[in-house]
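Asker: Okay, handing you the structure first.
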Amino acid sequence: ADDGIFSNGSNATITNSGTITGVDDGIVSNGADATITNIGTINGGDDGIFSDGANAIITNSGIINADLGIYSVGTNTTITNSGSITGGSEGINSLGAKATITNSGNITGGVNGILSIGANAIINNSGTITGTTGDGILSSGADATITNSGTINAGDDGIVSTGDDAIITNSGIINADYGIYSVGTNTTINNSGTITGGVDGILSNGANAIITNSGTITSTTGDGIRSSDADATITNSGTINAGDDGIVSNGANAIITNSGTINAGDDGIVSNG
């Protein structure tokens with residue numbers, strides 16, 4: 001068979017404690033309200049677990065190896081990982097709105113660790129996420145809430161949010177080219193952990209950003225915190241070590257407050273608005 005387990009009906013309950021190998025997918029569920037649990041091993045050519053229905057509950061405490069470790073299309077999906085997921089492309093890929101994704105295990109994606117497309121996503125990491133060539137966590141929907149108290153390692157960005165009204169909180173460790181990168185307006189970014197950016201520690205391109213650092217930010221070649229749009233509020237009570245500038249605001253009406261330590265290769269604080 002191309003798929004290890006294939007379910008087409010609603011309200012399915014699927015539990016694996018053995019070993020499943022699917023040429024295409026390990027487990028496929030196309031119905032709503034599915035409950036899928038893996039405590040064993042799943043090897044999928046395409047997807048480890050694929051869910052197409054709304055209100056799915058997917059739990060992994062075992063091992064999943066596939067191109068997409070867990071791939072969910074439906075809305076209101078709850079995905080919980082305390083095991084190990086290795087994806088050739090993504091560890092977890094969620095397309096539906098109102099997804100809740102929680103990781104306390106290990107997720108490795110050949111591109112991205114976690115990719116969430118839908119609005120109102122809630123993503124929590126207390127484990128380890130690696131986005132080998134891409135991002136640790138990438139959320140493109142509006143109103144995302146992203147919290148990291150674990151470790152994120154990424155070839156590109158540690159945490160990326162491209163939607164408006166995102167709330168991003170880091171109390172853990174992020175190592176990436178850009179530690180946190182936000183594109184949408186009205187983003188709130190709080191760092192009390194450690195961010196190391198090969199370029200910038202925190203980069204915000206949206207208006208009305210609120211950026212607060214009470215932890216440690218290190219940028220190797222770029223800026224510790226950089227905001228490119230108007231009406232930014234930037235507060236530092238922690239430590240910023242920057243290869244270029246410590247804090248940069250290129251938008252109008254910026255409010256910048258520092259009671260911490262800034263060590264910069266160029267300027268400590270720059271406001272160009």
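We name chains A, B, ... following the order of the structure tokens; residues begin at 1 in each chain, and ligands are numbered from 1 as shown.
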Would you pick out the contacts of Gly74 of chain A at 8 Å or less, using only C-alpha atoms, so that residues sharing its chain but fewer than 5 positions from it are not included, and give the list as a list in words?

Answerer: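 What passes the distance filter is Ser51, Asp52, Gly53, Ala54, Asn55, Ala56, Leu95, Gly96 and Ala97 of chain A.
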
Asker: Let's have the selection written as an mmCIF file, in the first residue's frame, with C-alpha atoms.

Answerer:
data_model
loop_
_atom_site.group_PDB
_atom_site.id
_atom_site.type_symbol
_atom_site.label_atom_id
_atom_site.label_comp_id
_atom_site.auth_asym_id
_atom_site.auth_seq_id
_atom_site.Cartn_x
_atom_site.Cartn_y
_atom_site.Cartn_z
ATOM 1 C CA SER A 51 -4.786 15.190 8.397
ATOM 2 C CA ASP A 52 -7.279 16.893 6.104
ATOM 3 C CA GLY A 53 -10.200 17.428 8.477
ATOM 4 C CA ALA A 54 -11.101 20.115 10.973
ATOM 5 C CA ASN A 55 -10.677 19.760 14.741
ATOM 6 C CA ALA A 56 -7.962 17.129 14.517
ATOM 7 C CA LEU A 95 -2.293 25.246 6.757
ATOM 8 C CA GLY A 96 -5.522 25.789 8.682
ATOM 9 C CA ALA A 97 -6.570 28.678 10.885
#

Asker: Please identify the strand (DSSP E or B) residues within segment 140-272 of chain A (assignment by DSSP from backbone atoms) and present them as JSON, numbers by chain.

Answerer: {"A": [145, 146, 147, 148, 151, 152, 153, 154, 157, 158, 159, 160, 161, 167, 168, 169, 170, 173, 174, 175, 176, 177, 178, 179, 180, 181, 182, 188, 189, 190, 191, 194, 195, 196, 197, 198, 199, 200, 201, 202, 203, 204, 210, 211, 212, 213, 216, 217, 218, 219, 225, 226, 227, 233, 234, 235, 236, 239, 240, 241, 242, 247, 248, 249, 255, 256, 257, 258, 261, 262, 263, 264, 269, 270, 271]}

Asker: Which of these, A:Asn103, A:Ser84, A:Gly172, A:Ser182, has the shortest distance to Leu138 of chain A once you count only C-alpha atoms?

Answerer: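 With only C-alpha atoms as the atom set, the closest residue is A:Ser182.
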
Asker: Need to verify the contact set: Asn272 of chain A, 10 Å, only C-alpha atoms, exclusion of same-chain residues closer than 2 positions in sequence. Can you return it as a list in words?

Answerer: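 Listed by chain and then number, they are Ser228, Val248, Ser249, Asn250, Gly251, Ala252, Asn253, Ala254 and Val270 of chain A.
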
Asker: Tell me, as a tab-separated table (two decimals) with N, CA and C atoms, in the first residue's frame, which residues lie within 6 Å of segment 12-17 of chain A, counting only C-alpha atoms; anything in the same chain fewer than 3 positions away does not count.

Answerer:
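Result written to result_28.tsv:
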chain	number	residue	atom	x	y	z
A	34	ALA	N	-10.68	13.95	13.92
A	34	ALA	CA	-9.82	12.78	14.09
A	34	ALA	C	-8.92	12.96	15.31
A	35	THR	N	-8.61	11.83	15.97
A	35	THR	CA	-7.62	11.80	17.05
A	35	THR	C	-6.54	10.81	16.63
A	36	ILE	N	-5.34	11.33	16.44
A	36	ILE	CA	-4.23	10.53	15.92
A	36	ILE	C	-3.09	10.58	16.93
A	37	THR	N	-2.65	9.40	17.37
A	37	THR	CA	-1.60	9.32	18.39
A	37	THR	C	-0.50	8.38	17.92
A	38	ASN	N	0.73	8.85	18.00
A	38	ASN	CA	1.88	7.99	17.66
A	38	ASN	C	2.82	7.92	18.85
A	39	ILE	N	3.04	6.69	19.33
A	39	ILE	CA	4.05	6.44	20.36
A	39	ILE	C	5.10	5.46	19.84
A	40	GLY	N	4.97	5.14	18.54
A	40	GLY	CA	5.90	4.22	17.91
A	40	GLY	C	6.78	4.95	16.91

Asker: With a distance cut-off of 9 Å and only C-alpha atoms, select the neighbouring residues of Lys98 of chain A, excluding the residue or stretch itself and same-chain residues fewer than 3 positions from it, and output the selection as number ranges by chain.

Answerer: A: 75-78, 118-122, 144

Asker: Using the selection just defined, write its residues with N, CA, C and O atoms as a CSV table (one decimal), in the first residue's frame.

Answerer:
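The new file out-v1.csv reads:
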chain,number,residue,atom,x,y,z
A,75,THR,N,-8.8,23.3,9.9
A,75,THR,CA,-8.9,24.3,10.9
A,75,THR,C,-9.0,23.7,12.3
A,75,THR,O,-9.3,22.5,12.5
A,76,ASN,N,-8.6,24.5,13.3
A,76,ASN,CA,-8.7,24.1,14.8
A,76,ASN,C,-8.0,22.9,15.1
A,76,ASN,O,-8.4,22.1,15.9
A,77,THR,N,-6.8,22.7,14.5
A,77,THR,CA,-6.0,21.5,14.7
A,77,THR,C,-5.1,21.7,16.0
A,77,THR,O,-4.6,22.8,16.2
A,78,THR,N,-5.0,20.7,16.8
A,78,THR,CA,-4.1,20.7,17.9
A,78,THR,C,-3.0,19.7,17.7
A,78,THR,O,-3.3,18.5,17.5
A,118,GLY,N,-2.1,29.5,8.7
A,118,GLY,CA,-3.4,30.1,9.0
A,118,GLY,C,-3.3,31.1,10.1
A,118,GLY,O,-2.3,31.3,10.8
A,119,ALA,N,-4.4,31.9,10.2
A,119,ALA,CA,-4.5,33.0,11.2
A,119,ALA,C,-4.8,32.4,12.6
A,119,ALA,O,-5.2,31.2,12.7
A,120,ASN,N,-4.5,33.2,13.6
A,120,ASN,CA,-4.8,32.9,15.0
A,120,ASN,C,-4.1,31.6,15.5
A,120,ASN,O,-4.6,30.9,16.3
A,121,ALA,N,-2.9,31.4,15.0
A,121,ALA,CA,-2.1,30.3,15.4
A,121,ALA,C,-1.5,30.5,16.8
A,121,ALA,O,-1.1,31.7,17.1
A,122,ILE,N,-1.4,29.5,17.6
A,122,ILE,CA,-0.7,29.5,18.9
A,122,ILE,C,0.4,28.5,18.8
A,122,ILE,O,0.1,27.3,18.7
A,144,ALA,N,-1.0,35.8,15.3
A,144,ALA,CA,-0.3,34.7,15.8
A,144,ALA,C,0.3,35.0,17.2
A,144,ALA,O,0.7,36.1,17.5

Asker: Can you pull out the residues contacting Gly155 of chain A? Cut-off 12 Å, using only C-alpha atoms, and skip same-chain residues under 2 positions away; I want them as a list in words.

Answerer: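 Skipping anything fewer than 2 positions along the chain leaves Thr108, Gly109, Gly110, Val111, Asn112, Gly113, Ile129, Thr130, Gly131, Thr132, Thr133, Gly134, Asp135, Gly136, Ile137, Ile152, Asn153, Asp157, Gly158, Ile159, Ile174, Asn175, Ala176, Asp177, Tyr178, Gly179, Gly197, Gly198 and Val199 of chain A.
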